Structures are given as C-alpha cells and as structure tokens.
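Structure data follow from run_22.txt (compact mmCIF, C-alpha atoms and all ligand atoms):
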```
# COMPACT_ATOMS: atom_id res chain seq x y z
CA MET A 1 10.47 8.46 21.37
CA ILE A 2 11.23 8.10 17.68
CA GLU A 3 14.92 8.95 18.27
CA ASN A 4 15.25 5.63 20.10
CA LYS A 5 13.40 3.57 17.48
CA ARG A 6 15.30 1.10 15.31
CA ILE A 7 13.55 0.60 12.03
CA SER A 8 13.76 -1.88 9.16
CA ILE A 9 12.61 -0.43 5.85
CA LEU A 10 11.51 -3.01 3.28
CA GLY A 11 11.43 -1.33 -0.13
CA ALA A 12 13.71 1.53 0.94
CA THR A 13 14.40 2.64 -2.64
CA GLY A 14 10.75 3.19 -3.59
CA SER A 15 8.46 6.18 -3.26
CA ILE A 16 7.33 5.33 0.29
CA GLY A 17 10.79 4.01 1.25
CA THR A 18 12.61 7.21 0.28
CA GLN A 19 10.01 9.37 2.04
CA THR A 20 10.35 7.17 5.13
CA ILE A 21 14.09 7.81 5.10
CA ASP A 22 13.40 11.54 4.84
CA VAL A 23 11.21 11.30 7.97
CA LEU A 24 13.77 9.14 9.83
CA GLN A 25 16.64 11.49 9.07
CA ASP A 26 14.64 14.47 10.31
CA ALA A 27 13.65 12.68 13.50
CA GLY A 28 17.07 11.14 14.13
CA ALA A 29 15.73 7.55 14.23
CA GLN A 30 17.96 4.64 13.30
CA ALA A 31 17.57 2.33 10.30
CA VAL A 32 18.77 -1.20 11.06
CA ALA A 33 17.92 -2.78 7.69
CA LEU A 34 17.26 -1.42 4.19
CA THR A 35 16.06 -3.42 1.19
CA THR A 36 15.65 -2.96 -2.55
CA ASN A 37 14.79 -5.18 -5.46
CA ARG A 38 17.59 -4.01 -7.76
CA ASN A 39 18.33 -0.29 -7.25
CA VAL A 40 21.94 -0.77 -6.14
CA ARG A 41 23.05 2.84 -6.59
CA LEU A 42 20.37 4.30 -4.35
CA LEU A 43 20.59 1.56 -1.73
CA GLU A 44 24.34 2.09 -1.51
CA GLN A 45 23.83 5.84 -0.93
CA GLN A 46 21.14 5.18 1.66
CA ALA A 47 23.26 2.57 3.44
CA ARG A 48 26.30 4.88 3.57
CA ALA A 49 24.13 7.65 5.04
CA LEU A 50 22.21 5.53 7.56
CA GLN A 51 24.72 2.77 8.41
CA PRO A 52 22.21 -0.09 8.87
CA LYS A 53 23.39 -3.53 10.02
CA LEU A 54 21.87 -5.20 6.96
CA ALA A 55 21.34 -4.20 3.31
CA VAL A 56 19.38 -6.51 1.00
CA ALA A 57 18.84 -6.66 -2.75
CA SER A 58 16.25 -9.28 -3.67
CA ASP A 59 17.66 -9.61 -7.15
CA GLU A 60 20.76 -11.86 -7.04
CA ALA A 61 22.84 -9.90 -9.57
CA ALA A 62 21.99 -6.64 -7.81
CA ALA A 63 22.99 -8.17 -4.45
CA LYS A 64 26.40 -9.09 -5.90
CA ALA A 65 26.92 -5.53 -7.13
CA LEU A 66 25.76 -4.15 -3.76
CA LYS A 67 28.22 -6.39 -1.91
CA THR A 68 31.06 -5.00 -4.01
CA ALA A 69 29.82 -1.43 -3.56
CA LEU A 70 29.67 -1.76 0.25
CA ALA A 71 32.83 -3.88 0.62
CA ASP A 72 34.63 -1.10 2.52
CA THR A 73 31.86 -0.91 5.19
CA ASP A 74 30.71 -3.18 8.05
CA ILE A 75 27.25 -3.48 6.51
CA ARG A 76 26.19 -7.06 5.84
CA VAL A 77 24.70 -7.63 2.37
CA GLU A 78 22.18 -10.38 1.65
CA SER A 79 20.03 -11.40 -1.32
CA GLY A 80 16.78 -13.01 -2.39
CA THR A 81 13.64 -13.76 -0.42
CA GLU A 82 15.78 -15.05 2.42
CA GLY A 83 17.51 -11.69 2.75
CA LEU A 84 14.17 -9.88 2.71
CA LEU A 85 12.79 -12.18 5.43
CA HIS A 86 15.93 -11.62 7.49
CA ALA A 87 15.53 -7.83 7.19
CA ALA A 88 11.89 -8.20 8.29
CA SER A 89 12.70 -10.29 11.35
CA LEU A 90 16.01 -8.74 12.49
CA PRO A 91 15.98 -8.93 16.31
CA GLU A 92 17.53 -5.44 16.56
CA ALA A 93 14.45 -3.82 14.96
CA ASP A 94 11.58 -2.28 16.94
CA MET A 95 9.44 -1.65 13.91
CA VAL A 96 9.24 -2.67 10.26
CA VAL A 97 8.04 -0.36 7.47
CA THR A 98 6.57 -2.57 4.72
CA ALA A 99 7.02 -0.47 1.59
CA VAL A 100 7.67 -3.27 -0.91
CA VAL A 101 5.15 -3.19 -3.74
CA GLY A 102 2.75 -6.06 -4.40
CA MET A 103 2.30 -9.60 -3.13
CA ALA A 104 6.09 -9.76 -2.54
CA GLY A 105 5.33 -7.95 0.73
CA LEU A 106 3.22 -10.76 2.22
CA LEU A 107 5.88 -13.20 3.49
CA PRO A 108 8.15 -10.50 4.97
CA THR A 109 5.17 -8.89 6.72
CA LEU A 110 4.26 -12.24 8.27
CA ALA A 111 7.93 -12.78 9.24
CA ALA A 112 8.05 -9.36 10.93
CA ILE A 113 4.87 -10.15 12.88
CA GLU A 114 6.26 -13.54 13.96
CA ALA A 115 9.38 -11.73 15.20
CA GLY A 116 7.09 -9.51 17.32
CA HIS A 117 7.83 -6.27 15.45
CA ASP A 118 5.19 -3.57 15.09
CA ILE A 119 4.38 -2.88 11.45
CA ALA A 120 4.03 0.45 9.65
CA LEU A 121 2.03 -0.96 6.76
CA ALA A 122 2.22 0.65 3.32
CA ASN A 123 2.01 -2.64 1.41
CA LYS A 124 -1.77 -2.88 1.10
CA GLU A 125 -1.56 -5.96 -1.15
CA THR A 126 -0.61 -7.99 1.94
CA LEU A 127 -4.02 -7.39 3.53
CA VAL A 128 -5.86 -7.76 0.22
CA CYS A 129 -4.35 -11.23 -0.30
CA ALA A 130 -4.30 -12.55 3.23
CA GLY A 131 -6.01 -10.06 5.56
CA GLY A 132 -7.48 -12.79 7.79
CA LEU A 133 -4.15 -14.56 8.29
CA VAL A 134 -2.22 -11.32 8.88
CA MET A 135 -4.68 -9.82 11.37
CA GLN A 136 -4.92 -13.13 13.28
CA ALA A 137 -1.13 -13.41 13.46
CA ALA A 138 -0.82 -9.79 14.65
CA ALA A 139 -3.45 -10.35 17.36
CA ARG A 140 -1.75 -13.57 18.49
CA LYS A 141 1.65 -11.87 18.74
CA GLY A 142 0.29 -8.61 20.22
CA VAL A 143 1.78 -6.67 17.30
CA LYS A 144 0.40 -3.30 16.16
CA ILE A 145 -0.39 -2.79 12.47
CA LEU A 146 -0.15 0.96 11.95
CA PRO A 147 -1.44 2.19 8.59
CA VAL A 148 0.74 4.28 6.28
CA ASP A 149 -1.78 4.56 3.43
CA SER A 150 -3.06 8.13 3.77
CA GLU A 151 -6.74 7.12 3.79
CA HIS A 152 -6.27 4.44 6.45
CA SER A 153 -4.07 6.73 8.48
CA ALA A 154 -6.85 9.35 8.32
CA ILE A 155 -9.36 6.78 9.60
CA PHE A 156 -6.93 5.69 12.31
CA GLN A 157 -6.39 9.31 13.36
CA CYS A 158 -10.17 9.93 13.50
CA ILE A 159 -10.65 6.73 15.54
CA GLN A 160 -8.49 8.26 18.28
CA ALA A 161 -11.59 10.38 19.05
CA ALA A 162 -14.00 7.43 19.05
CA GLN A 163 -13.60 6.66 22.77
CA GLY A 164 -14.50 3.01 22.17
CA ASN A 165 -17.63 3.75 20.12
CA ARG A 166 -17.97 1.46 17.12
CA LEU A 167 -17.76 2.95 13.63
CA HIS A 168 -21.02 3.01 11.74
CA LYS A 169 -19.35 3.72 8.42
CA ILE A 170 -16.01 4.50 6.78
CA ILE A 171 -15.92 6.94 3.89
CA LEU A 172 -12.78 6.51 1.78
CA THR A 173 -11.89 9.42 -0.45
CA ALA A 174 -10.46 8.80 -3.94
CA SER A 175 -8.76 11.41 -6.11
CA GLY A 176 -10.30 9.87 -9.22
CA GLY A 177 -6.82 9.66 -10.79
CA PRO A 178 -5.66 11.11 -14.10
CA PHE A 179 -8.72 9.91 -16.06
CA PHE A 180 -11.51 11.32 -13.90
CA GLY A 181 -14.50 12.28 -16.07
CA LYS A 182 -13.48 10.13 -19.05
CA THR A 183 -15.95 7.70 -20.59
CA GLN A 184 -15.14 4.04 -21.21
CA GLY A 185 -14.74 4.81 -24.91
CA GLU A 186 -12.19 7.53 -24.18
CA LEU A 187 -10.25 5.19 -21.88
CA ALA A 188 -9.72 2.51 -24.54
CA GLY A 189 -6.61 4.10 -26.05
CA VAL A 190 -4.89 5.65 -23.00
CA THR A 191 -1.16 4.93 -22.70
CA PRO A 192 1.00 3.87 -19.73
CA ALA A 193 2.66 7.32 -19.78
CA GLN A 194 -0.77 8.99 -19.37
CA ALA A 195 -1.78 6.54 -16.63
CA LEU A 196 1.40 7.28 -14.68
CA ARG A 197 0.66 11.02 -14.57
CA HIS A 198 -1.26 11.29 -11.28
CA PRO A 199 -2.70 14.76 -10.59
CA ASN A 200 -1.95 14.95 -6.82
CA TRP A 201 0.53 12.26 -5.75
CA SER A 202 3.94 11.11 -6.95
CA MET A 203 4.03 7.33 -6.45
CA GLY A 204 5.51 4.08 -7.78
CA ALA A 205 4.36 2.83 -11.20
CA LYS A 206 2.07 0.01 -10.00
CA ILE A 207 0.04 2.10 -7.56
CA SER A 208 -0.17 4.93 -10.12
CA VAL A 209 -1.82 2.58 -12.62
CA ASP A 210 -4.05 1.22 -9.82
CA SER A 211 -5.13 4.81 -9.12
CA ALA A 212 -5.90 5.35 -12.81
CA THR A 213 -8.12 2.22 -12.97
CA MET A 214 -9.48 2.95 -9.45
CA MET A 215 -8.40 -0.57 -8.45
CA ASN A 216 -6.32 1.23 -5.82
CA LYS A 217 -9.53 2.30 -4.08
CA GLY A 218 -10.82 -1.25 -4.36
CA LEU A 219 -7.65 -2.60 -2.73
CA GLU A 220 -8.02 0.07 -0.05
CA LEU A 221 -11.62 -0.96 0.59
CA ILE A 222 -10.40 -4.51 1.34
CA GLU A 223 -7.50 -3.11 3.40
CA ALA A 224 -9.97 -1.02 5.46
CA MET A 225 -12.28 -4.01 5.92
CA TRP A 226 -9.47 -5.98 7.58
CA LEU A 227 -7.87 -3.14 9.52
CA TYR A 228 -11.13 -1.83 10.99
CA ASP A 229 -13.23 -5.00 11.03
CA LEU A 230 -16.15 -3.61 9.04
CA PRO A 231 -18.13 -5.35 6.27
CA PRO A 232 -17.72 -3.87 2.77
CA GLU A 233 -21.31 -2.54 2.84
CA GLN A 234 -20.23 -0.14 5.60
CA ILE A 235 -17.30 1.22 3.58
CA GLU A 236 -18.25 3.90 1.09
CA VAL A 237 -16.09 5.53 -1.57
CA VAL A 238 -16.41 9.14 -2.68
CA VAL A 239 -14.32 10.89 -5.33
CA HIS A 240 -12.66 14.00 -3.93
CA ARG A 241 -10.51 15.67 -6.56
CA GLU A 242 -8.35 17.85 -4.30
CA SER A 243 -7.02 15.03 -2.01
CA ILE A 244 -7.31 17.32 1.02
CA VAL A 245 -9.89 15.29 2.99
CA HIS A 246 -7.96 12.04 3.42
CA SER A 247 -10.96 9.98 4.62
CA LEU A 248 -13.85 10.11 7.09
CA ILE A 249 -15.65 8.02 9.69
CA GLU A 250 -19.30 8.13 10.68
CA PHE A 251 -20.74 7.19 14.09
CA ALA A 252 -24.17 5.75 14.96
CA ASP A 253 -25.55 9.26 15.60
CA GLY A 254 -24.59 10.44 12.10
CA ALA A 255 -21.63 12.57 13.23
CA VAL A 256 -18.83 12.48 10.65
CA LEU A 257 -15.16 13.07 11.47
CA ALA A 258 -12.49 13.70 8.86
CA GLN A 259 -8.73 14.20 8.78
CA LEU A 260 -7.54 16.93 6.42
CA GLY A 261 -4.10 17.94 5.19
CA MET A 262 -2.07 18.65 2.10
CA PRO A 263 -1.40 15.57 -0.07
CA ASP A 264 2.02 14.56 1.29
CA MET A 265 2.82 11.01 2.46
CA ARG A 266 5.38 12.13 5.01
CA LEU A 267 2.66 12.92 7.56
CA PRO A 268 0.98 9.48 7.57
CA ILE A 269 4.42 7.81 7.45
CA GLN A 270 5.60 9.85 10.43
CA TYR A 271 2.41 9.24 12.44
CA ALA A 272 2.82 5.47 11.98
CA LEU A 273 6.35 5.77 13.35
CA THR A 274 5.62 8.16 16.25
CA TYR A 275 2.08 7.04 17.26
CA PRO A 276 0.62 8.05 19.66
CA ALA A 277 2.91 11.10 19.76
CA ARG A 278 2.74 13.88 17.20
CA LEU A 279 5.92 15.68 16.18
CA SER A 280 6.58 18.59 13.89
CA CYS A 281 6.52 17.45 10.26
CA LYS A 282 7.96 19.00 7.10
CA THR A 283 4.71 18.67 5.11
CA PRO A 284 3.30 21.97 3.86
CA ARG A 285 0.50 23.28 6.11
CA LEU A 286 -3.10 23.36 4.97
CA ASP A 287 -4.43 26.81 4.03
CA LEU A 288 -8.15 26.30 3.44
CA ALA A 289 -8.75 29.79 2.08
CA GLN A 290 -6.10 29.15 -0.53
CA VAL A 291 -7.55 25.72 -1.39
CA GLY A 292 -10.95 27.39 -1.88
CA ASN A 293 -13.36 24.66 -2.88
CA LEU A 294 -13.49 20.98 -1.99
CA SER A 295 -15.46 18.83 -4.45
CA PHE A 296 -17.04 15.39 -4.03
CA TYR A 297 -18.58 13.04 -6.62
CA PRO A 298 -19.89 9.46 -6.71
CA PRO A 299 -17.44 7.05 -8.41
CA ASP A 300 -18.23 6.20 -12.05
CA GLY A 301 -18.75 2.43 -11.97
CA GLN A 302 -19.30 2.27 -15.73
CA ALA A 303 -15.92 3.69 -16.77
CA PHE A 304 -14.04 2.25 -13.76
CA PRO A 305 -15.37 -1.27 -13.04
CA ALA A 306 -12.36 -2.20 -10.85
CA LEU A 307 -14.04 -0.86 -7.72
CA ARG A 308 -17.05 -3.12 -8.27
CA LEU A 309 -14.74 -6.13 -8.76
CA ALA A 310 -12.92 -5.38 -5.50
CA ARG A 311 -16.25 -5.01 -3.70
CA GLN A 312 -17.27 -8.38 -5.08
CA ALA A 313 -14.02 -9.96 -3.83
CA ALA A 314 -14.40 -8.21 -0.46
CA GLY A 315 -17.92 -9.62 -0.08
CA ARG A 316 -16.59 -13.13 -0.58
CA LYS A 317 -13.76 -12.58 1.94
CA GLY A 318 -11.89 -15.92 1.71
CA GLY A 319 -9.39 -16.30 -1.12
CA ALA A 320 -11.00 -13.93 -3.62
CA GLY A 321 -8.72 -11.07 -2.51
CA ALA A 322 -5.65 -13.08 -3.52
CA VAL A 323 -7.19 -13.79 -6.94
CA LEU A 324 -8.17 -10.12 -7.43
CA ASN A 325 -4.71 -8.94 -6.44
CA GLY A 326 -2.68 -11.54 -8.37
CA ALA A 327 -4.70 -10.95 -11.54
CA ASN A 328 -4.39 -7.20 -11.14
CA GLU A 329 -0.62 -7.31 -10.59
CA ALA A 330 -0.16 -9.45 -13.70
CA ALA A 331 -2.47 -7.29 -15.80
CA VAL A 332 -0.86 -4.00 -14.65
CA ALA A 333 2.60 -5.39 -15.53
CA LEU A 334 1.34 -6.33 -19.02
CA PHE A 335 -0.20 -2.87 -19.47
CA LEU A 336 3.05 -1.16 -18.44
CA GLU A 337 4.92 -3.34 -20.96
CA GLY A 338 2.52 -2.21 -23.69
CA GLU A 339 1.15 -5.76 -24.11
CA ILE A 340 -2.50 -5.01 -23.31
CA GLY A 341 -4.81 -1.99 -23.28
CA PHE A 342 -6.02 -0.06 -20.23
CA LEU A 343 -9.53 -1.55 -20.31
CA ASP A 344 -8.06 -5.07 -20.50
CA ILE A 345 -6.90 -4.68 -16.87
CA PRO A 346 -10.37 -4.92 -15.23
CA ARG A 347 -11.54 -7.32 -17.95
CA LEU A 348 -8.76 -9.81 -17.16
CA VAL A 349 -9.25 -9.41 -13.41
CA GLU A 350 -12.98 -10.11 -13.77
CA GLN A 351 -12.28 -13.20 -15.85
CA ALA A 352 -9.86 -14.55 -13.22
CA LEU A 353 -12.43 -13.92 -10.46
CA ASP A 354 -15.07 -15.76 -12.49
CA ASP A 355 -12.83 -18.71 -13.42
CA ILE A 356 -10.92 -19.50 -10.23
CA PRO A 357 -12.97 -21.30 -7.58
CA ASP A 358 -13.15 -19.51 -4.24
CA GLN A 359 -11.86 -20.83 -0.93
CA ALA A 360 -13.63 -19.88 2.27
CA GLN A 361 -10.80 -20.11 4.81
CA PRO A 362 -7.54 -20.09 2.84
CA THR A 363 -4.27 -21.11 4.47
CA LEU A 364 -1.04 -19.35 3.50
CA ASP A 365 -0.32 -22.11 0.96
CA ASP A 366 -3.81 -21.63 -0.50
CA VAL A 367 -3.21 -17.88 -0.82
CA LEU A 368 0.09 -18.45 -2.63
CA ALA A 369 -1.57 -21.01 -4.94
CA LEU A 370 -4.51 -18.68 -5.69
CA ASP A 371 -2.06 -15.87 -6.48
CA ARG A 372 -0.18 -18.12 -8.92
CA ALA A 373 -3.41 -19.36 -10.52
CA ALA A 374 -4.64 -15.78 -11.00
CA ARG A 375 -1.39 -14.68 -12.67
CA GLN A 376 -1.44 -17.73 -14.98
CA ALA A 377 -5.10 -17.11 -15.85
CA VAL A 378 -4.23 -13.54 -16.92
CA LEU A 379 -1.30 -14.69 -19.07
CA ARG A 380 -3.47 -17.38 -20.70
CA ALA A 381 -6.40 -15.02 -21.33
CA LYS A 382 -4.07 -12.37 -22.81
CA LYS A 383 -3.03 -14.81 -25.53
CA LEU A 384 -6.65 -15.44 -26.60
P1 LIG B 1 7.72 1.70 -5.56
O1 LIG B 1 7.57 0.92 -6.80
O2 LIG B 1 8.10 3.14 -5.67
O3 LIG B 1 8.78 0.99 -4.58
C1 LIG B 1 8.70 -0.38 -4.29
C2 LIG B 1 9.90 -0.81 -3.47
O4 LIG B 1 9.86 -2.24 -3.35
C3 LIG B 1 11.25 -0.52 -4.12
O5 LIG B 1 12.23 -0.41 -3.13
C4 LIG B 1 11.48 -1.77 -4.99
O6 LIG B 1 12.85 -1.97 -5.33
C5 LIG B 1 10.98 -2.84 -4.02
N1 LIG B 1 10.51 -4.03 -4.72
C6 LIG B 1 9.76 -4.08 -5.86
N2 LIG B 1 9.49 -5.35 -6.20
C7 LIG B 1 10.09 -6.13 -5.28
C8 LIG B 1 10.22 -7.55 -5.11
N3 LIG B 1 9.64 -8.41 -5.94
N4 LIG B 1 10.91 -8.00 -4.04
C9 LIG B 1 11.49 -7.14 -3.18
N5 LIG B 1 11.42 -5.79 -3.29
C10 LIG B 1 10.73 -5.30 -4.33
O7 LIG B 1 6.34 1.55 -4.77
P2 LIG B 1 5.64 2.60 -3.79
O8 LIG B 1 6.62 3.11 -2.79
O9 LIG B 1 4.83 3.55 -4.56
O10 LIG B 1 4.60 1.63 -3.05
C11 LIG B 1 5.01 0.69 -2.08
C12 LIG B 1 3.78 0.15 -1.38
O11 LIG B 1 3.16 1.22 -0.66
C13 LIG B 1 2.71 -0.39 -2.35
O12 LIG B 1 2.09 -1.49 -1.76
C14 LIG B 1 1.73 0.76 -2.47
O13 LIG B 1 0.42 0.32 -2.76
C15 LIG B 1 1.81 1.38 -1.07
N6 LIG B 1 1.46 2.79 -1.02
C16 LIG B 1 2.18 3.70 -1.74
C17 LIG B 1 1.87 5.05 -1.70
C18 LIG B 1 2.69 6.07 -2.42
O14 LIG B 1 2.43 7.27 -2.26
N7 LIG B 1 3.68 5.69 -3.20
C19 LIG B 1 0.72 5.52 -0.90
C20 LIG B 1 0.08 4.49 -0.13
C21 LIG B 1 0.43 3.17 -0.21
P3 LIG B 1 13.43 -1.26 -6.68
O15 LIG B 1 13.73 0.15 -6.29
O16 LIG B 1 14.63 -2.06 -7.02
O17 LIG B 1 12.35 -1.37 -7.71
```
Here is a file; write its structure as structure tokens.
Ligand code: NDP
Amino acid sequence: MIENKRISILGATGSIGTQTIDVLQDAGAQAVALTTNRNVRLLEQQARALQPKLAVASDEAAAKALKTALADTDIRVESGTEGLLHAASLPEADMVVTAVVGMAGLLPTLAAIEAGHDIALANKETLVCAGGLVMQAAARKGVKILPVDSEHSAIFQCIQAAQGNRLHKIILTASGGPFFGKTQGELAGVTPAQALRHPNWSMGAKISVDSATMMNKGLELIEAMWLYDLPPEQIEVVVHRESIVHSLIEFADGAVLAQLGMPDMRLPIQYALTYPARLSCKTPRLDLAQVGNLSFYPPDGQAFPALRLARQAAGRKGGAGAVLNGANEAAVALFLEGEIGFLDIPRLVEQALDDIPDQAQPTLDDVLALDRAARQAVLRAKKL
C-alpha cells in the first residue's frame, strides 16, 4: 500500500523530484527525507508541506540558509555528500527515489542499496557509470531496482506479461528531440536555448541537452543493458516522434509488446512506487483517435553520433560507461555555459573514449577515477 510507504526523495527540487512529490501527495504516502543541491526556497516549501525527518542541501551555503529557514520546525537539516548519503540510507525509509542528476547519484544509490532500501531509479547515469557494481550490490542485498525512466518502465511493464520467457530484443523509442531532421551542418550553430526546447517532455537542463544530442538514448541503451541483462546488439533504437509508444519488447517467436500512454512522467514514477499494484493516476488518458498517426524512423547516426559512441561504450562494458558519462557531463556543462558548440559535445566524448584506457572489471574507485579522467580530458581538449 503506497499510503504506508516512507520515501526518501534525492533531488526533490528537480523535474522528477517535484513530479514525485505530486504523486506522493495524491497517494498520501510519506516523505522521510528530501534533498536539493541549492534550491533552498523550494525545498523549504516542500519540507513544510511534507514534514520529512531530514532535509538536505548538498551545497554548504544553501544548507546554512535552509537551516535558518526551517529553524522553527523539527526537521533536521544536513549538508554536503554526507547529508545526501544519510538521506539515502535513513533507516526510516522503505524506498529511495534517485532523482539527482548525473554521476552525483552514484554514491547515494549505492548507500541506499547497502541500507536495504528498494530504489525507484530515475538517475540513469548511475547504471551507465557503474551498472555492474550496482546490479551486483542490489542482488546481494535483495533490493529491487524499479525503473522510473519512461522507456525502462515501459519495458518493465511489458515484462510482467513475459511469464519467465527471455526477451529476444528490446526496442527503445526516442522522440528525436528538438533537432530531429536537421543535418550536421544545420546543427553546428544551434544554441543552448534551442536545445532546451524539447517537443514532448519538460525536463531538467542536462537531460534536455542529452535528448537533443541523442546521448540520452545512448545512456538509456546502457541502462537497459544492465537492468534487463541483454547485450547491446539486442537493444534497438527507433525514433518515434509522438512519444506515445514508450518502448517495446520482442520475444523469440517475433511477438512484440508495447506500453503506450501520453507523455507524462507521473505514470512511470507512480508505478515504481506502487508496483505491483496499479492505482488511479492524474496523467491524461490516451485517445488514439485524437493522436491519429504514430510515426517511426531509424535514428540518423550521421547527424547524431552520440548513440554510436554509447553503443561502443556499451560493447566494451567495463569502465567505458564511466568515461562516456563523465565526458558527456563535462561537455554538456560547457555547452550550457556557451563555451563550446553543440557538435563539440560528441566530438569531445569520442576523444575521451579514444584517449582513456579501458578497464575490464572496474572497482568503485576505478569508476570514480575514470569519471575524473574523462572530465579532465574534456577540459584539456576544449582549450586546444
Ligand atoms: P533536474 O536538473 O530537474 O533536477 C536534479 C535534482 O538533483 C535537483 O533537485 C538538483 O538540485 C539536484 N542536484 C543537481 N546536482 C546535484 C549535486 N551535484 N548533488 C546533489 N544534488 C544535485 O533533473 P531531472 O529531474 O530532469 O533529472 C533527474 C534524473 O532523472 C536524471 O538522471 C535524468 O536523466 C533522469 N530522468 C529525468 C526525466 C525527466 O523527465 N526529467 C525522465 C527520465 C529520467 P537543484 O534544484 O538545487 O539544482
């Protein structure tokens, strides 16, 4: 019963975090911890409404301001990575929603698993960087990793009908982002503002840029590989402009199952929290006659090389995911700051993948070192 669930939300002030709170408030579930990086105003409002035990701002100055803002309440305020790890491993929690963006989600996800908490996983970068370590830890602790990403939730929902049959193939759908149909030449001068204008989804800045480069689909390919234990060759990507078919699975006999719905993250968030139960959800209902046509296209590997780079990293398994992700995070940040062009993002990621030696079975320390090396490689290459 979701009403009895006590949930920690890491990244409560973000796009997924705020939608998770919307779902929780509707269902009457309890939030025991809420975290932000530095959005003190929103975290204060959320904390006053939900009365968690713990509120965390990773940024030290923000944590000070939050402490002052919540001084008249019983809510404990903490800061930094330590605070985030505490929110992830709070004994009072039944489940942790990992909605922090980027590699910053890895250590708290591992801490939540060690504490034995089931995970509603939005933070795909965690699996991209350290999928092997995370899945092994979850298996060892008997913890469920329930996907929040709409594509992986769709696959998970379809798998409920598999009756133990192995998947032959996963077909991930991709919206194609704001630059679908553009040539490489046309992409050279696109601005951060244009990249942030996604046609179907309203999301945080980093994932919006990832959608524009199609790196998001590459990260999702690696995420699917770890979640569903399939090699990258058995994970296909198809561009589907309307974002109605959220993804598909194929069985040995060729039968294909899909999950459909309006593009609204509250459904996959809610299913991760209520699984295996299904409750009424506020998302608008699908009206196929009104949608009319559904269109599908092969991805354009020429204009959007990021997907090929992710496939390359996926094929190597090992530490290449951490290099791909670290380089991409650094390059996206530079693009958003206006320091590099749009096409420099995949170029810098490819250079990092070429330059940094791979590691077959990386430990957590190796993953952290590969992430650092990839970020430094991007900063160095940018200066050239
Ligand atoms: P947002 O940028 O909107 O939110 C990120 C959250 O994490 C915010 O609360 C932010 O705090 C916090 N945060 C950012 N950096 C740090 C840090 N270094 N340490 C601690 N906390 C930090 O991201 P989204 O909600 O869009 O995405 C979150 C995750 O979910 C990503 O991994 C994304 O790929 C995934 N996802 C998102 C979807 C979406 O529709 N948005 C769909 C599927 C997956 P602050 O508010 O202070 O910045």
Test item: residues at most 12 Å from Met135 of chain A, only C-alpha atoms, excluding those fewer than 5 positions along its chain, as a ChimeraX atom specification: /A:109-110,113-114,119,126-130,140-146,223-229
Mind listing whatever residues come within 9 Å of the point (-16.6, -6.7, -1.8)? Use all atoms listed in the file, file coordinates, and give them as a PyMOL selection string. chain A and resi 218+221-222+231-233+307-317
Students should find that atom CA of Gly28 of chain A and atom CA of Lys282 of chain A are spaced 13.9 Å
Could you give me, as a list in words, the residues within 9 Å of Leu84 of chain A, counting only C-alpha atoms and dropping anything in the same chain fewer than 6 positions from it?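 Close residues of Leu84 of chain A: Leu10, Thr35, Thr36, Val56, Ala57, Ser58, Glu78, Leu107 and Pro108 of chain A.
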Resulting file, chosen residues, C-alpha atoms, as a compact mmCIF listing (two decimals), in the coordinates of the input:
```txt
# COMPACT_ATOMS: atom_id res chain seq x y z
CA LEU A 10 11.51 -3.01 3.28
CA THR A 35 16.06 -3.42 1.19
CA THR A 36 15.65 -2.96 -2.55
CA VAL A 56 19.38 -6.51 1.00
CA ALA A 57 18.84 -6.66 -2.75
CA SER A 58 16.25 -9.28 -3.67
CA GLU A 78 22.18 -10.38 1.65
CA LEU A 107 5.88 -13.20 3.49
CA PRO A 108 8.15 -10.50 4.97
```
All residues within 7 Å of ligand LIG 1 (chain B) are required, counting only C-alpha atoms and all ligand atoms; please report them as a PyMOL selection string. chain A and resi 10-17+35-39+58+99-102+104+122-125+148-150+201-207+265
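From atom CA of His117 of chain A back to atom CA of Ile249 of chain A, the distance works out to 28.1 Å.
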